Each structure stands twice: as C-alpha cells, then as structure tokens.
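Working notes for the structure below.
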Amino acid sequence: MIEANGLTKRYGERLAVDRLTFTVKPGQVTGFLGPNGAGKSTTMRLILGLDAPTSGTVTIDGRPFSKVAYPMREVGALLDAKAIHGGRSAYNHLVCLAQTNNLPKSRVGEVLDLVGLSEVARKRAKGFSLGMSQRLGIAAALLGDPKLLMFDEPVNGLDPEGILWIRNLMKALAAEGRTVFVSSHLMSEMENTADHLIVIGRGRLVADCTVTEFIDQNSELTIRVRTPERDRLAGLATGKGGVVAHDGEDALRITRLGMTEIGDLAFDNQIRVHELSPIQASLEQAFMELTKDSVEYHAAVPGRPAAGAIADAAAVATEVVSGAIQHGGR
Ligand SMILES: Nc1ncnc2c1ncn2[C@@H]1O[C@H](COP(=O)(O)OP(=O)(O)OP(=O)(O)O)[C@@H](O)[C@H]1O
C-alpha cells in the first residue's frame, strides 16, 4: 500500500506536486492520470525516494522507501525504459541487478520468459526498440517478485499486441494481491485497465474514485431523439429546462432532461418519436473535460484566447470541480 499525505514538491517557482493526499491499495490496478506536466513522474520519484519532498510524506506499507530493507523484493518500478546500460545484453543487465540485490540468478530466465525477451536476451540493449526496452524494464521490475509495482507510462512505444500484453499482465499482478500503480496521460488506456483512478492536474488531486464513478460524475447524459416534429419538440424541451441542440434534419440532442421526461413530453403533446436513445460520454471525453484547464501546454486554436489566459481562468474551475468530486465520490 502507498500512502501520500500532503505530498508537495517545488522546483524553484514551479510547484510540481501540490499537497497530494491519496492511498493506493493492493489487489487492484490504480491508474494515475493527468495531462502532460501534471506531476505524475515527480510523484513516482518521490514515492521511490529518488527526490525528496518539499513537505508532506509518502510511505510504502507504512515506511518511507529509504527504510525498506530489500527494495527490489518489495517494490518493482519502471520509470524510464531507456535508463539502462546500453552496452550490456538484456541477460547481463538483469544478472547484475539480481546479484546486487541478492536475488537468485535463476529468476533472470523466468522474467525474460515472462516478458517475451528470451530470444534476444544475449543482444545488447542499445539495439533494442523502445517497445523491447519497455519489456526489459518490466522484467527488471518483476525480478524481485515484489508485492508493489509502479509503472510510469508503460505502454509507450508498445505495439497493439504489446499493449494488450501489458494490460493483462497488470491485471494478473493485481489479481495476485499486489499493489499496481500505473501512470498514463491516456484515459482510453486506463479505461480498459484500471479499477481505481487517481487523477491530478497541475500537481493537485482532481479525482480519487472508481472508473465508473469517474464517468458518472464527469459526463452528462445526452439523449438523442429522432422525430418528424423536431422543432416543436425542441421548443417544448427547452420550456422544461432542457438544453437542446439539433442533430441533423430530424433529430435533437438533449441534456438536463431524462429519457422518461422526454418520452412523456412527446407523448403528452402527440409528437411521434422514431428514436429515443442515451449517449454516455466516453471516459476520454470526461477526462478531457475535467483536465482541460490544467494542461501545461495548449496548442493554439484560431480565434480563441491565448493558452495562458485559458489555463489561468480555468485553474479556478478545476479547483471547484476537484472539491465536488472528492466530496461526492466517497
Ligand atoms: N527536475 C526538475 N526541475 C525542474 N522542474 C521539473 C523537474 N522535474 C519536473 N519538473 C516540472 O514539474 C512539472 C511536473 O512534471 P512531471 O514530469 O512530474 O509531469 P508528468 O505528469 O509526469 O508529465 P508527462 O506526462 O509529460 O511525463 C512540470 O512542469 C515539469 O516541467
């Protein structure tokens, strides 16, 4: 279990991590989400003691990482896949790690098999593609058979087969009762992998909830109605407080009114309805909506104010949303 309490990291003027308090529990995959520059890697480095917090604490099973007696047996981490000695073979790289951490050499063959690198084990790591390096990094993380695993953007550089493989691996590790903490800036990836989500924006906690809660709290249900009397129904729905948009010649998209209300409204006014269907926003849309104000770099959009202005104005909105979610989600 990872417990962060008021965790804060400042680099000069930049507050990279801002009073983060959260718990990562065993037996499930916890997705750590946030747009680029949100503070995910910094938080992971703080957990692993690679950087010291400016204030606050973070512990692994109740102890700071520096007090963990056999680090590789307790925590396996993949932070930067390319941070390996390129002149060594994959096999030698893992053997060195095993020896310096008092782990049996036999474990090297096992993890190479597990990540599918046995055939290239004797090749130098500097010739490895990013995907192969990711697999080698995962092999190193698994070497000590640790009960806690942390992966920073593990699907980077992996092809679709590799992505599916790592997704299943993370789920299997969690099913064995391990704590699995994985960062990504891609909500679509986490939607398929994580049970629980910790979302940050500009270093601050934005959401701490299950995937289902996240969708429910951050996406508005839209109802699509197809009717030959589009404009009459639009007027009636607006009168009832609905927010209405046209969706082609004969259809509307309505929010703020439920499906039953819209159906009854049409029936009471003898309007024929040819389709009445719910459209739930995807997790990706919910995530973009929630964090749009806390991304570090915005691409310029013609006709819109400068990125800084948008980000500043909306940082306040993010705080409001954050409060609502944290209180509503528990
Ligand atoms: N060593 C450092 N010195 C100064 N600033 C830093 C340092 N490390 C990170 N930062 C800044 O802290 C903020 C958070 O960076 P971090 O890499 O933790 O974000 P991230 O969520 O992992 O982003 P990404 O998805 O792009 O990797 C950024 O503004 C970054 O520029």
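Every chain in the structure tokens has a letter given in the order shown (A, B, ...), and although residue numbers restart at 1 in each chain, ligands are simply numbered from 1 in the order shown.
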Residues within 7 Å of ligand 1 (only C-alpha atoms and all ligand atoms), as a list in words? Tyr11, Arg14, Leu15, Ala16, Gly34, Pro35, Asn36, Gly37, Ala38, Gly39, Lys40, Ser41, Thr42, Thr43, Ser184, His185 and Gly203 of chain A
With a distance cut-off of 7 Å and only C-alpha atoms, select the neighbouring residues of segment 230-234 of chain A, excluding the residue or stretch itself and same-chain residues fewer than 2 positions from it, and output the selection as a VMD selection string. chain A and resid 227 to 228 236 to 238 244 250 to 252 266
Which residues are close to segment 54-61 of chain A, i.e. within 10 Å by only C-alpha atoms, leaving aside same-chain residues fewer than 3 positions away? Reply as a PyMOL selection string. chain A and resi 1-11+15+17-25+43+46-49+51+64-68+74-75+148
I need the helix (DSSP H, G or I) residues of segment 113-234 of chain A per DSSP on the backbone, written as a ChimeraX atom specification. /A:113-115,118-120,125-127,130-142,160-175,187-193,211-218,230-234
DSSP strand (DSSP E or B) residues within segment 72-229 of chain A, as a ChimeraX atom specification: /A:75-78,89,124,148-152,179-184,196-201,204-210,222-226
Would you output that residue set with N, CA and C atoms, as a JSON list (two decimals), in the first residue's frame?
```
[["chain", "number", "residue", "atom", "x", "y", "z"],
["A", 75, "VAL", "N", 9.46, -3.55, -3.89],
["A", 75, "VAL", "CA", 8.92, -2.61, -4.88],
["A", 75, "VAL", "C", 9.62, -2.81, -6.22],
["A", 76, "GLY", "N", 8.83, -2.95, -7.27],
["A", 76, "GLY", "CA", 9.39, -3.02, -8.63],
["A", 76, "GLY", "C", 8.89, -1.81, -9.38],
["A", 77, "ALA", "N", 9.81, -1.11, -10.05],
["A", 77, "ALA", "CA", 9.37, 0.11, -10.73],
["A", 77, "ALA", "C", 9.97, 0.23, -12.12],
["A", 78, "LEU", "N", 9.16, 0.70, -13.04],
["A", 78, "LEU", "CA", 9.64, 1.05, -14.37],
["A", 78, "LEU", "C", 9.37, 2.54, -14.54],
["A", 89, "SER", "N", 24.10, -6.86, -22.47],
["A", 89, "SER", "CA", 22.96, -7.61, -23.01],
["A", 89, "SER", "C", 21.83, -7.55, -21.99],
["A", 124, "ARG", "N", 22.74, -6.82, -27.26],
["A", 124, "ARG", "CA", 22.98, -5.59, -26.49],
["A", 124, "ARG", "C", 21.72, -4.73, -26.45],
["A", 148, "LEU", "N", 4.60, -4.75, -4.64],
["A", 148, "LEU", "CA", 4.14, -3.45, -5.12],
["A", 148, "LEU", "C", 4.85, -3.11, -6.44],
["A", 149, "LEU", "N", 4.06, -2.75, -7.45],
["A", 149, "LEU", "CA", 4.66, -2.42, -8.75],
["A", 149, "LEU", "C", 4.21, -1.04, -9.22],
["A", 150, "MET", "N", 5.19, -0.30, -9.73],
["A", 150, "MET", "CA", 4.87, 1.04, -10.24],
["A", 150, "MET", "C", 5.40, 1.15, -11.66],
["A", 151, "PHE", "N", 4.53, 1.56, -12.56],
["A", 151, "PHE", "CA", 4.93, 1.71, -13.96],
["A", 151, "PHE", "C", 4.59, 3.12, -14.42],
["A", 152, "ASP", "N", 5.60, 3.82, -14.96],
["A", 152, "ASP", "CA", 5.37, 5.17, -15.48],
["A", 152, "ASP", "C", 5.19, 5.07, -17.00],
["A", 179, "THR", "N", -0.04, -4.60, -5.23],
["A", 179, "THR", "CA", -0.44, -3.22, -5.45],
["A", 179, "THR", "C", 0.14, -2.81, -6.80],
["A", 180, "VAL", "N", -0.69, -2.36, -7.72],
["A", 180, "VAL", "CA", -0.22, -1.97, -9.05],
["A", 180, "VAL", "C", -0.62, -0.51, -9.30],
["A", 181, "PHE", "N", 0.40, 0.33, -9.46],
["A", 181, "PHE", "CA", 0.19, 1.77, -9.64],
["A", 181, "PHE", "C", 0.78, 2.16, -10.98],
["A", 182, "VAL", "N", -0.06, 2.61, -11.90],
["A", 182, "VAL", "CA", 0.42, 2.83, -13.26],
["A", 182, "VAL", "C", -0.01, 4.20, -13.78],
["A", 183, "SER", "N", 0.95, 4.95, -14.29],
["A", 183, "SER", "CA", 0.61, 6.29, -14.76],
["A", 183, "SER", "C", 0.37, 6.29, -16.27],
["A", 184, "SER", "N", -0.46, 7.22, -16.68],
["A", 184, "SER", "CA", -0.70, 7.41, -18.11],
["A", 184, "SER", "C", -1.32, 8.78, -18.32],
["A", 196, "HIS", "N", -9.30, 1.55, -10.18],
["A", 196, "HIS", "CA", -9.42, 2.78, -9.42],
["A", 196, "HIS", "C", -8.58, 3.86, -10.12],
["A", 197, "LEU", "N", -8.99, 5.10, -9.99],
["A", 197, "LEU", "CA", -8.26, 6.19, -10.64],
["A", 197, "LEU", "C", -7.86, 7.26, -9.64],
["A", 198, "ILE", "N", -6.63, 7.73, -9.79],
["A", 198, "ILE", "CA", -6.21, 8.94, -9.09],
["A", 198, "ILE", "C", -5.84, 9.92, -10.21],
["A", 199, "VAL", "N", -6.57, 11.02, -10.27],
["A", 199, "VAL", "CA", -6.36, 11.97, -11.36],
["A", 199, "VAL", "C", -5.78, 13.25, -10.79],
["A", 200, "ILE", "N", -4.70, 13.73, -11.42],
["A", 200, "ILE", "CA", -4.12, 15.01, -10.97],
["A", 200, "ILE", "C", -4.05, 15.99, -12.14],
["A", 201, "GLY", "N", -4.04, 17.25, -11.78],
["A", 201, "GLY", "CA", -3.89, 18.32, -12.77],
["A", 201, "GLY", "C", -3.09, 19.42, -12.09],
["A", 204, "ARG", "N", -2.17, 18.92, -8.50],
["A", 204, "ARG", "CA", -3.20, 18.78, -7.46],
["A", 204, "ARG", "C", -4.15, 17.61, -7.74],
["A", 205, "LEU", "N", -4.69, 17.06, -6.66],
["A", 205, "LEU", "CA", -5.64, 15.97, -6.81],
["A", 205, "LEU", "C", -6.93, 16.50, -7.42],
["A", 206, "VAL", "N", -7.36, 15.85, -8.49],
["A", 206, "VAL", "CA", -8.59, 16.26, -9.16],
["A", 206, "VAL", "C", -9.69, 15.22, -8.93],
["A", 207, "ALA", "N", -9.33, 13.95, -8.87],
["A", 207, "ALA", "CA", -10.32, 12.90, -8.60],
["A", 207, "ALA", "C", -9.63, 11.69, -8.00],
["A", 208, "ASP", "N", -10.36, 11.00, -7.11],
["A", 208, "ASP", "CA", -9.87, 9.78, -6.46],
["A", 208, "ASP", "C", -11.10, 8.89, -6.33],
["A", 209, "CYS", "N", -11.33, 8.05, -7.32],
["A", 209, "CYS", "CA", -12.59, 7.30, -7.36],
["A", 209, "CYS", "C", -12.46, 6.11, -8.31],
["A", 210, "THR", "N", -13.54, 5.31, -8.39],
["A", 210, "THR", "CA", -13.50, 4.18, -9.32],
["A", 210, "THR", "C", -13.75, 4.71, -10.74],
["A", 222, "THR", "N", -26.59, 12.54, -22.46],
["A", 222, "THR", "CA", -27.28, 13.23, -23.55],
["A", 222, "THR", "C", -28.29, 12.26, -24.14],
["A", 223, "ILE", "N", -29.48, 12.76, -24.45],
["A", 223, "ILE", "CA", -30.50, 11.90, -25.08],
["A", 223, "ILE", "C", -30.67, 12.33, -26.53],
["A", 224, "ARG", "N", -30.59, 11.34, -27.43],
["A", 224, "ARG", "CA", -30.83, 11.64, -28.84],
["A", 224, "ARG", "C", -32.27, 11.27, -29.15],
["A", 225, "VAL", "N", -33.01, 12.19, -29.76],
["A", 225, "VAL", "CA", -34.40, 11.94, -30.14],
["A", 225, "VAL", "C", -34.57, 12.20, -31.61],
["A", 226, "ARG", "N", -35.15, 11.22, -32.31],
["A", 226, "ARG", "CA", -35.43, 11.43, -33.73],
["A", 226, "ARG", "C", -36.94, 11.55, -33.88]]
```
In Å to one decimal, how far is atom CA of Phe214 of chain A from atom CA of Ile279 of chain A?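 Calculated distance between atom CA of Ile279 of chain A and atom CA of Phe214 of chain A is 16.2 Å.
When atom CA of Leu112 of chain A is paired with atom CA of Met187 of chain A, their separation reads 29.2 Å.
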Counting only C-alpha atoms, which residue out of A:Thr30, A:Glu229, A:Glu189, A:Ile215 sits closest to Ile271 of chain A? A:Glu229
Do you have the atom CA of Gln285 of chain A-atom CA of Glu220 of chain A distance handy? 10.3 Å
Nearest to Met44 of chain A, chosen from A:Glu13, A:Phe287, A:Phe32, A:Glu191, with only C-alpha atoms counted in the distances: A:Phe32
